[in-house]
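Content type mmCIF, N, CA and C atoms and all ligand atoms, from the file my_file-v8.cif:
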data_query
#
loop_
_atom_site.group_PDB
_atom_site.id
_atom_site.type_symbol
_atom_site.label_atom_id
_atom_site.label_comp_id
_atom_site.auth_asym_id
_atom_site.auth_seq_id
_atom_site.Cartn_x
_atom_site.Cartn_y
_atom_site.Cartn_z
ATOM 1 N N MET A 1 33.889 -27.080 -77.956
ATOM 2 C CA MET A 1 34.499 -28.338 -77.534
ATOM 3 C C MET A 1 33.669 -29.500 -78.069
ATOM 4 N N ALA A 2 34.328 -30.421 -78.706
ATOM 5 C CA ALA A 2 33.617 -31.579 -79.254
ATOM 6 C C ALA A 2 33.116 -32.465 -78.115
ATOM 7 N N ILE A 3 31.949 -33.015 -78.305
ATOM 8 C CA ILE A 3 31.384 -33.932 -77.313
ATOM 9 C C ILE A 3 31.976 -35.312 -77.559
ATOM 10 N N PRO A 4 32.500 -35.941 -76.508
ATOM 11 C CA PRO A 4 33.062 -37.286 -76.692
ATOM 12 C C PRO A 4 31.990 -38.251 -77.194
ATOM 13 N N VAL A 5 32.406 -39.227 -77.963
ATOM 14 C CA VAL A 5 31.473 -40.245 -78.453
ATOM 15 C C VAL A 5 31.882 -41.589 -77.860
ATOM 16 N N PRO A 6 30.909 -42.486 -77.701
ATOM 17 C CA PRO A 6 31.236 -43.794 -77.130
ATOM 18 C C PRO A 6 32.091 -44.622 -78.097
ATOM 19 N N ARG A 7 33.098 -45.252 -77.553
ATOM 20 C CA ARG A 7 33.912 -46.166 -78.354
ATOM 21 C C ARG A 7 33.315 -47.559 -78.248
ATOM 22 N N ASP A 8 32.678 -47.797 -77.101
ATOM 23 C CA ASP A 8 32.083 -49.104 -76.875
ATOM 24 C C ASP A 8 30.896 -48.943 -75.924
ATOM 25 N N VAL A 9 29.824 -49.643 -76.216
ATOM 26 C CA VAL A 9 28.634 -49.635 -75.355
ATOM 27 C C VAL A 9 28.228 -51.073 -75.127
ATOM 28 N N MET A 10 28.094 -51.471 -73.864
ATOM 29 C CA MET A 10 27.682 -52.849 -73.611
ATOM 30 C C MET A 10 26.882 -52.935 -72.326
ATOM 31 N N VAL A 11 26.057 -53.963 -72.261
ATOM 32 C CA VAL A 11 25.270 -54.201 -71.058
ATOM 33 C C VAL A 11 26.072 -55.121 -70.155
ATOM 34 N N VAL A 12 26.288 -54.673 -68.918
ATOM 35 C CA VAL A 12 27.005 -55.480 -67.938
ATOM 36 C C VAL A 12 26.080 -55.636 -66.740
ATOM 37 N N GLY A 13 25.542 -56.848 -66.577
ATOM 38 C CA GLY A 13 24.590 -57.061 -65.489
ATOM 39 C C GLY A 13 23.391 -56.152 -65.681
ATOM 40 N N ASN A 14 23.094 -55.333 -64.667
ATOM 41 C CA ASN A 14 21.956 -54.432 -64.804
ATOM 42 C C ASN A 14 22.406 -52.988 -65.041
ATOM 43 N N GLU A 15 23.576 -52.884 -65.676
ATOM 44 C CA GLU A 15 24.091 -51.567 -66.003
ATOM 45 C C GLU A 15 24.496 -51.497 -67.470
ATOM 46 N N LEU A 16 24.457 -50.274 -67.998
ATOM 47 C CA LEU A 16 24.966 -50.039 -69.336
ATOM 48 C C LEU A 16 26.344 -49.395 -69.168
ATOM 49 N N ALA A 17 27.345 -50.060 -69.718
ATOM 50 C CA ALA A 17 28.702 -49.539 -69.628
ATOM 51 C C ALA A 17 29.031 -48.799 -70.916
ATOM 52 N N VAL A 18 29.525 -47.592 -70.770
ATOM 53 C CA VAL A 18 29.900 -46.787 -71.932
ATOM 54 C C VAL A 18 31.369 -46.409 -71.806
ATOM 55 N N VAL A 19 32.140 -46.797 -72.811
ATOM 56 C CA VAL A 19 33.540 -46.404 -72.862
ATOM 57 C C VAL A 19 33.649 -45.275 -73.881
ATOM 58 N N TRP A 20 34.048 -44.115 -73.405
ATOM 59 C CA TRP A 20 34.099 -42.939 -74.276
ATOM 60 C C TRP A 20 35.446 -42.837 -74.971
ATOM 61 N N ASP A 21 35.440 -42.106 -76.081
ATOM 62 C CA ASP A 21 36.692 -41.999 -76.826
ATOM 63 C C ASP A 21 37.699 -41.068 -76.154
ATOM 64 N N ASP A 22 37.300 -40.426 -75.060
ATOM 65 C CA ASP A 22 38.286 -39.655 -74.302
ATOM 66 C C ASP A 22 38.826 -40.474 -73.134
ATOM 67 N N GLY A 23 38.462 -41.781 -73.128
ATOM 68 C CA GLY A 23 39.047 -42.676 -72.144
ATOM 69 C C GLY A 23 38.204 -42.903 -70.900
ATOM 70 N N ARG A 24 37.142 -42.104 -70.742
ATOM 71 C CA ARG A 24 36.322 -42.264 -69.560
ATOM 72 C C ARG A 24 35.395 -43.461 -69.693
ATOM 73 N N GLU A 25 35.049 -44.073 -68.581
ATOM 74 C CA GLU A 25 34.064 -45.142 -68.579
ATOM 75 C C GLU A 25 32.955 -44.756 -67.617
ATOM 76 N N ASP A 26 31.725 -44.889 -68.069
ATOM 77 C CA ASP A 26 30.583 -44.588 -67.213
ATOM 78 C C ASP A 26 29.656 -45.793 -67.168
ATOM 79 N N TYR A 27 29.034 -45.978 -66.023
ATOM 80 C CA TYR A 27 28.080 -47.068 -65.858
ATOM 81 C C TYR A 27 26.730 -46.478 -65.466
ATOM 82 N N PHE A 28 25.703 -46.848 -66.230
ATOM 83 C CA PHE A 28 24.369 -46.333 -65.964
ATOM 84 C C PHE A 28 23.463 -47.484 -65.547
ATOM 85 N N ALA A 29 22.844 -47.351 -64.381
ATOM 86 C CA ALA A 29 21.867 -48.365 -63.963
ATOM 87 C C ALA A 29 20.731 -48.362 -64.976
ATOM 88 N N LEU A 30 20.389 -49.548 -65.478
ATOM 89 C CA LEU A 30 19.366 -49.626 -66.528
ATOM 90 C C LEU A 30 18.036 -49.045 -66.064
ATOM 91 N N GLU A 31 17.686 -49.300 -64.810
ATOM 92 C CA GLU A 31 16.409 -48.785 -64.318
ATOM 93 C C GLU A 31 16.409 -47.259 -64.336
ATOM 94 N N LYS A 32 17.503 -46.677 -63.902
ATOM 95 C CA LYS A 32 17.580 -45.220 -63.880
ATOM 96 C C LYS A 32 17.546 -44.655 -65.302
ATOM 97 N N LEU A 33 18.236 -45.354 -66.186
ATOM 98 C CA LEU A 33 18.292 -44.917 -67.580
ATOM 99 C C LEU A 33 16.893 -44.948 -68.198
ATOM 100 N N ARG A 34 16.164 -46.036 -67.927
ATOM 101 C CA ARG A 34 14.810 -46.143 -68.483
ATOM 102 C C ARG A 34 13.906 -45.067 -67.898
ATOM 103 N N ARG A 35 14.018 -44.834 -66.612
ATOM 104 C CA ARG A 35 13.162 -43.827 -65.991
ATOM 105 C C ARG A 35 13.513 -42.429 -66.480
ATOM 106 N N ALA A 36 14.721 -42.282 -67.023
ATOM 107 C CA ALA A 36 15.133 -40.982 -67.561
ATOM 108 C C ALA A 36 14.865 -40.908 -69.059
ATOM 109 N N CYS A 37 14.087 -41.850 -69.581
ATOM 110 C CA CYS A 37 13.805 -41.871 -71.018
ATOM 111 C C CYS A 37 13.349 -40.491 -71.477
ATOM 112 N N PRO A 38 14.059 -39.951 -72.466
ATOM 113 C CA PRO A 38 13.769 -38.572 -72.880
ATOM 114 C C PRO A 38 12.638 -38.440 -73.890
ATOM 115 N N CYS A 39 11.934 -39.506 -74.231
ATOM 116 C CA CYS A 39 10.903 -39.375 -75.255
ATOM 117 C C CYS A 39 9.703 -38.592 -74.725
ATOM 118 N N ALA A 40 8.917 -38.068 -75.638
ATOM 119 C CA ALA A 40 7.795 -37.202 -75.269
ATOM 120 C C ALA A 40 6.786 -37.933 -74.394
ATOM 121 N N MET A 41 6.591 -39.231 -74.668
ATOM 122 C CA MET A 41 5.586 -39.969 -73.924
ATOM 123 C C MET A 41 6.003 -40.151 -72.463
ATOM 124 N N CYS A 42 7.265 -40.452 -72.243
ATOM 125 C CA CYS A 42 7.733 -40.687 -70.876
ATOM 126 C C CYS A 42 7.943 -39.374 -70.128
ATOM 127 N N LYS A 43 8.447 -38.406 -70.848
ATOM 128 C CA LYS A 43 8.852 -37.171 -70.204
ATOM 129 C C LYS A 43 7.718 -36.160 -70.162
ATOM 130 N N GLY A 44 6.814 -36.261 -71.125
ATOM 131 C CA GLY A 44 5.741 -35.290 -71.204
ATOM 132 C C GLY A 44 6.200 -34.050 -71.953
ATOM 133 N N GLU A 45 5.266 -33.398 -72.586
ATOM 134 C CA GLU A 45 5.599 -32.191 -73.326
ATOM 135 C C GLU A 45 4.772 -31.033 -72.802
ATOM 136 N N PRO A 46 5.392 -29.942 -72.484
ATOM 137 C CA PRO A 46 4.620 -28.803 -71.978
ATOM 138 C C PRO A 46 3.736 -28.214 -73.073
ATOM 139 N N ASP A 47 2.517 -27.837 -72.710
ATOM 140 C CA ASP A 47 1.648 -27.181 -73.678
ATOM 141 C C ASP A 47 1.949 -25.682 -73.685
ATOM 142 N N LEU A 48 1.109 -24.901 -74.360
ATOM 143 C CA LEU A 48 1.357 -23.466 -74.488
ATOM 144 C C LEU A 48 1.458 -22.762 -73.143
ATOM 145 N N PHE A 49 0.759 -23.309 -72.145
ATOM 146 C CA PHE A 49 0.754 -22.668 -70.842
ATOM 147 C C PHE A 49 1.786 -23.273 -69.893
ATOM 148 N N GLY A 50 2.618 -24.160 -70.450
ATOM 149 C CA GLY A 50 3.682 -24.723 -69.633
ATOM 150 C C GLY A 50 3.246 -25.906 -68.783
ATOM 151 N N LYS A 51 1.979 -26.313 -68.954
ATOM 152 C CA LYS A 51 1.520 -27.465 -68.194
ATOM 153 C C LYS A 51 1.983 -28.734 -68.911
ATOM 154 N N VAL A 52 2.513 -29.656 -68.158
ATOM 155 C CA VAL A 52 3.055 -30.858 -68.771
ATOM 156 C C VAL A 52 2.026 -31.986 -68.763
ATOM 157 N N TYR A 53 1.747 -32.470 -69.951
ATOM 158 C CA TYR A 53 0.869 -33.627 -70.068
ATOM 159 C C TYR A 53 1.711 -34.848 -70.374
ATOM 160 N N LYS A 54 1.557 -35.869 -69.585
ATOM 161 C CA LYS A 54 2.293 -37.095 -69.876
ATOM 162 C C LYS A 54 1.358 -38.130 -70.461
ATOM 163 N N GLY A 55 1.933 -39.035 -71.215
ATOM 164 C CA GLY A 55 1.132 -40.137 -71.720
ATOM 165 C C GLY A 55 0.639 -40.947 -70.543
ATOM 166 N N ALA A 56 -0.282 -41.834 -70.798
ATOM 167 C CA ALA A 56 -0.816 -42.661 -69.731
ATOM 168 C C ALA A 56 0.340 -43.329 -68.992
ATOM 169 N N GLU A 57 0.343 -43.178 -67.700
ATOM 170 C CA GLU A 57 1.393 -43.812 -66.912
ATOM 171 C C GLU A 57 1.197 -45.315 -66.984
ATOM 172 N N ARG A 58 2.205 -45.967 -67.483
ATOM 173 C CA ARG A 58 2.133 -47.423 -67.538
ATOM 174 C C ARG A 58 3.014 -47.986 -66.458
ATOM 175 N N ALA A 59 2.537 -49.028 -65.813
ATOM 176 C CA ALA A 59 3.380 -49.691 -64.841
ATOM 177 C C ALA A 59 4.529 -50.341 -65.618
ATOM 178 N N LEU A 60 5.738 -50.083 -65.192
ATOM 179 C CA LEU A 60 6.884 -50.668 -65.880
ATOM 180 C C LEU A 60 7.159 -52.051 -65.317
ATOM 181 N N THR A 61 7.224 -53.011 -66.216
ATOM 182 C CA THR A 61 7.523 -54.378 -65.806
ATOM 183 C C THR A 61 9.041 -54.537 -65.714
ATOM 184 N N PRO A 62 9.505 -55.619 -65.094
ATOM 185 C CA PRO A 62 10.955 -55.835 -65.032
ATOM 186 C C PRO A 62 11.601 -55.814 -66.425
ATOM 187 N N ARG A 63 10.850 -56.253 -67.429
ATOM 188 C CA ARG A 63 11.419 -56.252 -68.782
ATOM 189 C C ARG A 63 11.693 -54.847 -69.297
ATOM 190 N N ALA A 64 10.997 -53.893 -68.717
ATOM 191 C CA ALA A 64 11.198 -52.505 -69.141
ATOM 192 C C ALA A 64 12.614 -52.031 -68.824
ATOM 193 N N PHE A 65 13.274 -52.732 -67.907
ATOM 194 C CA PHE A 65 14.620 -52.325 -67.514
ATOM 195 C C PHE A 65 15.693 -53.242 -68.100
ATOM 196 N N GLU A 66 15.271 -54.015 -69.115
ATOM 197 C CA GLU A 66 16.241 -54.853 -69.818
ATOM 198 C C GLU A 66 16.511 -54.234 -71.176
ATOM 199 N N VAL A 67 17.751 -54.338 -71.632
ATOM 200 C CA VAL A 67 18.102 -53.813 -72.940
ATOM 201 C C VAL A 67 18.092 -54.952 -73.954
ATOM 202 N N ALA A 68 17.194 -54.844 -74.932
ATOM 203 C CA ALA A 68 17.144 -55.862 -75.979
ATOM 204 C C ALA A 68 18.264 -55.607 -76.978
ATOM 205 N N SER A 69 18.428 -54.361 -77.349
ATOM 206 C CA SER A 69 19.532 -53.990 -78.228
ATOM 207 C C SER A 69 19.716 -52.481 -78.160
ATOM 208 N N HIS A 70 20.807 -52.034 -78.700
ATOM 209 C CA HIS A 70 21.056 -50.589 -78.729
ATOM 210 C C HIS A 70 21.850 -50.259 -79.968
ATOM 211 N N ARG A 71 21.709 -49.035 -80.414
ATOM 212 C CA ARG A 71 22.427 -48.637 -81.618
ATOM 213 C C ARG A 71 22.732 -47.159 -81.565
ATOM 214 N N ARG A 72 23.745 -46.797 -82.331
ATOM 215 C CA ARG A 72 24.095 -45.402 -82.438
ATOM 216 C C ARG A 72 23.156 -44.701 -83.386
ATOM 217 N N VAL A 73 22.774 -43.487 -83.079
ATOM 218 C CA VAL A 73 21.973 -42.672 -83.975
ATOM 219 C C VAL A 73 22.870 -41.532 -84.433
ATOM 220 N N GLY A 74 23.252 -41.579 -85.702
ATOM 221 C CA GLY A 74 24.142 -40.554 -86.230
ATOM 222 C C GLY A 74 25.398 -40.479 -85.394
ATOM 223 N N SER A 75 25.854 -39.266 -85.162
ATOM 224 C CA SER A 75 27.097 -39.114 -84.414
ATOM 225 C C SER A 75 26.836 -38.456 -83.075
ATOM 226 N N TYR A 76 25.567 -38.483 -82.643
ATOM 227 C CA TYR A 76 25.275 -37.688 -81.454
ATOM 228 C C TYR A 76 24.475 -38.408 -80.369
ATOM 229 N N ALA A 77 23.959 -39.599 -80.661
ATOM 230 C CA ALA A 77 23.053 -40.176 -79.676
ATOM 231 C C ALA A 77 23.029 -41.699 -79.711
ATOM 232 N N LEU A 78 22.390 -42.252 -78.692
ATOM 233 C CA LEU A 78 22.250 -43.684 -78.547
ATOM 234 C C LEU A 78 20.767 -43.999 -78.418
ATOM 235 N N GLN A 79 20.311 -44.992 -79.184
ATOM 236 C CA GLN A 79 18.927 -45.436 -79.081
ATOM 237 C C GLN A 79 18.912 -46.808 -78.434
ATOM 238 N N ILE A 80 18.023 -46.992 -77.481
ATOM 239 C CA ILE A 80 17.950 -48.264 -76.761
ATOM 240 C C ILE A 80 16.599 -48.925 -77.011
ATOM 241 N N ASP A 81 16.634 -50.189 -77.405
ATOM 242 C CA ASP A 81 15.417 -50.993 -77.484
ATOM 243 C C ASP A 81 15.260 -51.689 -76.141
ATOM 244 N N TRP A 82 14.231 -51.291 -75.397
ATOM 245 C CA TRP A 82 14.009 -51.905 -74.084
ATOM 246 C C TRP A 82 13.268 -53.222 -74.239
ATOM 247 N N GLY A 83 13.377 -54.045 -73.220
ATOM 248 C CA GLY A 83 12.788 -55.373 -73.263
ATOM 249 C C GLY A 83 11.285 -55.391 -73.444
ATOM 250 N N ASP A 84 10.615 -54.304 -73.090
ATOM 251 C CA ASP A 84 9.157 -54.250 -73.256
ATOM 252 C C ASP A 84 8.751 -53.621 -74.584
ATOM 253 N N GLY A 85 9.738 -53.414 -75.464
ATOM 254 C CA GLY A 85 9.429 -52.924 -76.803
ATOM 255 C C GLY A 85 9.496 -51.419 -76.969
ATOM 256 N N HIS A 86 9.717 -50.692 -75.877
ATOM 257 C CA HIS A 86 9.777 -49.234 -75.961
ATOM 258 C C HIS A 86 11.141 -48.809 -76.511
ATOM 259 N N ASN A 87 11.123 -47.963 -77.532
ATOM 260 C CA ASN A 87 12.418 -47.492 -78.038
ATOM 261 C C ASN A 87 12.317 -46.092 -78.624
ATOM 262 N N ASP A 88 11.407 -45.288 -78.080
ATOM 263 C CA ASP A 88 11.230 -43.930 -78.588
ATOM 264 C C ASP A 88 12.283 -42.959 -78.076
ATOM 265 N N GLY A 89 12.946 -43.352 -77.012
ATOM 266 C CA GLY A 89 13.881 -42.414 -76.391
ATOM 267 C C GLY A 89 15.241 -42.434 -77.053
ATOM 268 N N ILE A 90 15.715 -41.253 -77.426
ATOM 269 C CA ILE A 90 17.044 -41.119 -77.985
ATOM 270 C C ILE A 90 17.888 -40.405 -76.928
ATOM 271 N N TYR A 91 18.890 -41.084 -76.453
ATOM 272 C CA TYR A 91 19.754 -40.508 -75.423
ATOM 273 C C TYR A 91 20.960 -39.863 -76.105
ATOM 274 N N SER A 92 20.987 -38.547 -76.110
ATOM 275 C CA SER A 92 22.134 -37.893 -76.740
ATOM 276 C C SER A 92 23.365 -38.125 -75.862
ATOM 277 N N PHE A 93 24.522 -38.128 -76.515
ATOM 278 C CA PHE A 93 25.756 -38.356 -75.753
ATOM 279 C C PHE A 93 25.917 -37.276 -74.687
ATOM 280 N N GLU A 94 25.474 -36.077 -75.037
ATOM 281 C CA GLU A 94 25.537 -34.968 -74.092
ATOM 282 C C GLU A 94 24.718 -35.291 -72.839
ATOM 283 N N THR A 95 23.513 -35.834 -73.046
ATOM 284 C CA THR A 95 22.646 -36.204 -71.922
ATOM 285 C C THR A 95 23.317 -37.269 -71.064
ATOM 286 N N LEU A 96 23.913 -38.273 -71.730
ATOM 287 C CA LEU A 96 24.558 -39.357 -70.990
ATOM 288 C C LEU A 96 25.724 -38.832 -70.163
ATOM 289 N N ARG A 97 26.500 -37.939 -70.758
ATOM 290 C CA ARG A 97 27.636 -37.382 -70.009
ATOM 291 C C ARG A 97 27.150 -36.570 -68.823
ATOM 292 N N ARG A 98 26.027 -35.865 -69.027
ATOM 293 C CA ARG A 98 25.496 -35.060 -67.924
ATOM 294 C C ARG A 98 24.967 -35.959 -66.824
ATOM 295 N N MET A 99 24.273 -37.029 -67.213
ATOM 296 C CA MET A 99 23.776 -37.961 -66.205
ATOM 297 C C MET A 99 24.935 -38.570 -65.423
ATOM 298 N N ALA A 100 25.980 -38.905 -66.129
ATOM 299 C CA ALA A 100 27.148 -39.500 -65.469
ATOM 300 C C ALA A 100 27.765 -38.513 -64.494
ATOM 301 N N ALA A 101 27.824 -37.249 -64.916
ATOM 302 C CA ALA A 101 28.410 -36.223 -64.069
ATOM 303 C C ALA A 101 27.572 -36.001 -62.818
ATOM 304 N N GLU A 102 26.257 -36.268 -62.957
ATOM 305 C CA GLU A 102 25.361 -36.071 -61.823
ATOM 306 C C GLU A 102 25.286 -37.318 -60.941
ATOM 307 N N GLY A 103 26.090 -38.325 -61.275
ATOM 308 C CA GLY A 103 26.153 -39.486 -60.396
ATOM 309 C C GLY A 103 25.699 -40.784 -61.039
ATOM 310 N N GLY A 104 25.758 -40.839 -62.369
ATOM 311 C CA GLY A 104 25.434 -42.078 -63.071
ATOM 312 C C GLY A 104 23.949 -42.290 -63.099
HETATM 313 ZN ZN ZN B 201 10.110 -43.159 -73.448
#
Please render this file's structure as structure tokens.
Amino acid sequence: MAIPVPRDVMVVGNELAVVWDDGREDYFALEKLRRACPCAMCKGEPDLFGKVYKGAERALTPRAFEVASHRRVGSYALQIDWGDGHNDGIYSFETLRRMAAEGG
């Protein structure tokens, strides 16, 4: 089954609105989206023994939950430039749909 792709992505207030090409619309709270950043630094990477090391925990400023810009990455993901300059996280459409299914 093909994964739906966003037809439109926009920031509405403190949410990211995604209109999918299958007609669904999902709204993601920016703070939740940022805290779910899938990059290695935010999420941590398990070592050989399965222990997860995370990068230095940085206090997130309010700007961390602002979207400076966003762009599509290929045909499978969305990259977000956060207000504090962080943009390592690539949110695959599959991840976004799963987050939406779990309650946005
Ligand atoms: Zn990150």
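Considering all atoms listed in the file, the residue among A:Arg24, A:Glu102, A:Ala59, A:His86 positioned nearest to ligand ZN 201 (chain B) is A:His86.
Candidate residues A:Gly74, A:Gly89, A:Pro46, A:Pro4 were compared for distance to ligand ZN 201 (chain B), and the nearest is A:Gly89, using all atoms listed in the file.
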### Message
If I take atom C of A:Cys37 and atom N of A:Asp84, how far is one from the other in Å, to one decimal?
### Response
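Taking atom C of A:Cys37 as the start and atom N of A:Asp84 as the end point, the length is 14.2 Å.
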### Message
Under the rule that only C-alpha atoms and all ligand atoms are counted, which of A:Ala64, A:Ala100, A:Val52, A:Cys39 is the nearest residue to ligand ZN 201 (chain B)?
### Response
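Of A:Ala64, A:Ala100, A:Val52, A:Cys39, the one nearest ligand ZN 201 (chain B), counting only C-alpha atoms and all ligand atoms, is A:Cys39.
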### Message
Taking only C-alpha atoms and all ligand atoms and a cut-off of 9 Å, can you tell me which residues surround ligand ZN 201 (chain B), written as a PyMOL selection string?
### Response
chain A and resi 34-43+86-90
Only N, CA and C atoms, please: the residues just picked out, written as a CSV table (one decimal), keeping the file's coordinate frame.
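The file below, again-v9.csv, is the result:
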chain,number,residue,atom,x,y,z
A,34,ARG,N,16.2,-46.0,-67.9
A,34,ARG,CA,14.8,-46.1,-68.5
A,34,ARG,C,13.9,-45.1,-67.9
A,35,ARG,N,14.0,-44.8,-66.6
A,35,ARG,CA,13.2,-43.8,-66.0
A,35,ARG,C,13.5,-42.4,-66.5
A,36,ALA,N,14.7,-42.3,-67.0
A,36,ALA,CA,15.1,-41.0,-67.6
A,36,ALA,C,14.9,-40.9,-69.1
A,37,CYS,N,14.1,-41.8,-69.6
A,37,CYS,CA,13.8,-41.9,-71.0
A,37,CYS,C,13.3,-40.5,-71.5
A,38,PRO,N,14.1,-40.0,-72.5
A,38,PRO,CA,13.8,-38.6,-72.9
A,38,PRO,C,12.6,-38.4,-73.9
A,39,CYS,N,11.9,-39.5,-74.2
A,39,CYS,CA,10.9,-39.4,-75.3
A,39,CYS,C,9.7,-38.6,-74.7
A,40,ALA,N,8.9,-38.1,-75.6
A,40,ALA,CA,7.8,-37.2,-75.3
A,40,ALA,C,6.8,-37.9,-74.4
A,41,MET,N,6.6,-39.2,-74.7
A,41,MET,CA,5.6,-40.0,-73.9
A,41,MET,C,6.0,-40.2,-72.5
A,42,CYS,N,7.3,-40.5,-72.2
A,42,CYS,CA,7.7,-40.7,-70.9
A,42,CYS,C,7.9,-39.4,-70.1
A,43,LYS,N,8.4,-38.4,-70.8
A,43,LYS,CA,8.9,-37.2,-70.2
A,43,LYS,C,7.7,-36.2,-70.2
A,86,HIS,N,9.7,-50.7,-75.9
A,86,HIS,CA,9.8,-49.2,-76.0
A,86,HIS,C,11.1,-48.8,-76.5
A,87,ASN,N,11.1,-48.0,-77.5
A,87,ASN,CA,12.4,-47.5,-78.0
A,87,ASN,C,12.3,-46.1,-78.6
A,88,ASP,N,11.4,-45.3,-78.1
A,88,ASP,CA,11.2,-43.9,-78.6
A,88,ASP,C,12.3,-43.0,-78.1
A,89,GLY,N,12.9,-43.4,-77.0
A,89,GLY,CA,13.9,-42.4,-76.4
A,89,GLY,C,15.2,-42.4,-77.1
A,90,ILE,N,15.7,-41.3,-77.4
A,90,ILE,CA,17.0,-41.1,-78.0
A,90,ILE,C,17.9,-40.4,-76.9
Box dimensions and centre (Å, one decimal) enclosing stretch 17-32 of chain A, axis-aligned, 8 Å extra per side, as JSON:
{"center_x": 27.7, "center_y": -44.9, "center_z": -70.4, "size_x": 38.6, "size_y": 26.4, "size_z": 28.9}
### Task
Quote the spacing between atom CA of A:Glu25 and atom CA of A:Thr61 in Å to one decimal place.
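Distance reported for this atom pair: 28.2 Å.
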### Task
Quick one: pull the distance between atom C of A:Leu60 and atom N of A:Arg97, Å, one decimal.
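Between these atoms lies a distance of 24.6 Å.
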#### Entry: Residues near A:Phe28, cut-off 7 Å, all atoms listed in the file, skip fewer than 2 positions along chain, as an MDAnalysis selection string
chainID A and resid 14:18 26 30:33 104
Save out the residues we just selected, N, CA and C atoms, as a compact mmCIF listing (two decimals), in the coordinates of the input.
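As written to disk, again-v1.txt reads:
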# COMPACT_ATOMS: atom_id res chain seq x y z
N ASN A 14 23.09 -55.33 -64.67
CA ASN A 14 21.96 -54.43 -64.80
C ASN A 14 22.41 -52.99 -65.04
N GLU A 15 23.58 -52.88 -65.68
CA GLU A 15 24.09 -51.57 -66.00
C GLU A 15 24.50 -51.50 -67.47
N LEU A 16 24.46 -50.27 -68.00
CA LEU A 16 24.97 -50.04 -69.34
C LEU A 16 26.34 -49.40 -69.17
N ALA A 17 27.34 -50.06 -69.72
CA ALA A 17 28.70 -49.54 -69.63
C ALA A 17 29.03 -48.80 -70.92
N VAL A 18 29.52 -47.59 -70.77
CA VAL A 18 29.90 -46.79 -71.93
C VAL A 18 31.37 -46.41 -71.81
N ASP A 26 31.72 -44.89 -68.07
CA ASP A 26 30.58 -44.59 -67.21
C ASP A 26 29.66 -45.79 -67.17
N LEU A 30 20.39 -49.55 -65.48
CA LEU A 30 19.37 -49.63 -66.53
C LEU A 30 18.04 -49.04 -66.06
N GLU A 31 17.69 -49.30 -64.81
CA GLU A 31 16.41 -48.78 -64.32
C GLU A 31 16.41 -47.26 -64.34
N LYS A 32 17.50 -46.68 -63.90
CA LYS A 32 17.58 -45.22 -63.88
C LYS A 32 17.55 -44.66 -65.30
N LEU A 33 18.24 -45.35 -66.19
CA LEU A 33 18.29 -44.92 -67.58
C LEU A 33 16.89 -44.95 -68.20
N GLY A 104 25.76 -40.84 -62.37
CA GLY A 104 25.43 -42.08 -63.07
C GLY A 104 23.95 -42.29 -63.10
### Message
Taking the file as I've supplied it (selection: the PyMOL selection byres (((chain A and resi 21 and name CA) around 9) and not hetatm and name CA)), which residues are included? Please answer as a ChimeraX atom specification.
### Response
/A:4-8,19-20,22-24
### Task
Please report, as a count of residues only, each residue of chain A to which DSSP assigns strand (DSSP E) when run on this structure's backbone.
38
### Message
Give me, as a ChimeraX atom specification, the residues of chain A that a backbone DSSP run labels alpha helix (DSSP H).
### Response
/A:30-35,40-43,93-101
Export, as a short mmCIF file (atom, residue, chain, number, x, y, z; two decimals), keeping the file's coordinate frame, the selected residues with N, CA and C atoms.
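Output below, filename selection_6.cif:
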data_model
loop_
_atom_site.label_atom_id
_atom_site.label_comp_id
_atom_site.auth_asym_id
_atom_site.auth_seq_id
_atom_site.Cartn_x
_atom_site.Cartn_y
_atom_site.Cartn_z
N LEU A 30 20.39 -49.55 -65.48
CA LEU A 30 19.37 -49.63 -66.53
C LEU A 30 18.04 -49.04 -66.06
N GLU A 31 17.69 -49.30 -64.81
CA GLU A 31 16.41 -48.78 -64.32
C GLU A 31 16.41 -47.26 -64.34
N LYS A 32 17.50 -46.68 -63.90
CA LYS A 32 17.58 -45.22 -63.88
C LYS A 32 17.55 -44.66 -65.30
N LEU A 33 18.24 -45.35 -66.19
CA LEU A 33 18.29 -44.92 -67.58
C LEU A 33 16.89 -44.95 -68.20
N ARG A 34 16.16 -46.04 -67.93
CA ARG A 34 14.81 -46.14 -68.48
C ARG A 34 13.91 -45.07 -67.90
N ARG A 35 14.02 -44.83 -66.61
CA ARG A 35 13.16 -43.83 -65.99
C ARG A 35 13.51 -42.43 -66.48
N ALA A 40 8.92 -38.07 -75.64
CA ALA A 40 7.80 -37.20 -75.27
C ALA A 40 6.79 -37.93 -74.39
N MET A 41 6.59 -39.23 -74.67
CA MET A 41 5.59 -39.97 -73.92
C MET A 41 6.00 -40.15 -72.46
N CYS A 42 7.26 -40.45 -72.24
CA CYS A 42 7.73 -40.69 -70.88
C CYS A 42 7.94 -39.37 -70.13
N LYS A 43 8.45 -38.41 -70.85
CA LYS A 43 8.85 -37.17 -70.20
C LYS A 43 7.72 -36.16 -70.16
N PHE A 93 24.52 -38.13 -76.52
CA PHE A 93 25.76 -38.36 -75.75
C PHE A 93 25.92 -37.28 -74.69
N GLU A 94 25.47 -36.08 -75.04
CA GLU A 94 25.54 -34.97 -74.09
C GLU A 94 24.72 -35.29 -72.84
N THR A 95 23.51 -35.83 -73.05
CA THR A 95 22.65 -36.20 -71.92
C THR A 95 23.32 -37.27 -71.06
N LEU A 96 23.91 -38.27 -71.73
CA LEU A 96 24.56 -39.36 -70.99
C LEU A 96 25.72 -38.83 -70.16
N ARG A 97 26.50 -37.94 -70.76
CA ARG A 97 27.64 -37.38 -70.01
C ARG A 97 27.15 -36.57 -68.82
N ARG A 98 26.03 -35.86 -69.03
CA ARG A 98 25.50 -35.06 -67.92
C ARG A 98 24.97 -35.96 -66.82
N MET A 99 24.27 -37.03 -67.21
CA MET A 99 23.78 -37.96 -66.20
C MET A 99 24.94 -38.57 -65.42
N ALA A 100 25.98 -38.90 -66.13
CA ALA A 100 27.15 -39.50 -65.47
C ALA A 100 27.76 -38.51 -64.49
N ALA A 101 27.82 -37.25 -64.92
CA ALA A 101 28.41 -36.22 -64.07
C ALA A 101 27.57 -36.00 -62.82
#
### Task
Check which residues satisfy the PyMOL selection byres (((chain A and resi 66 and name CA) around 6) and not hetatm and name CA) in the file shown, then give them as a VMD selection string.
chain A and resid 63 to 65 67 82 to 83
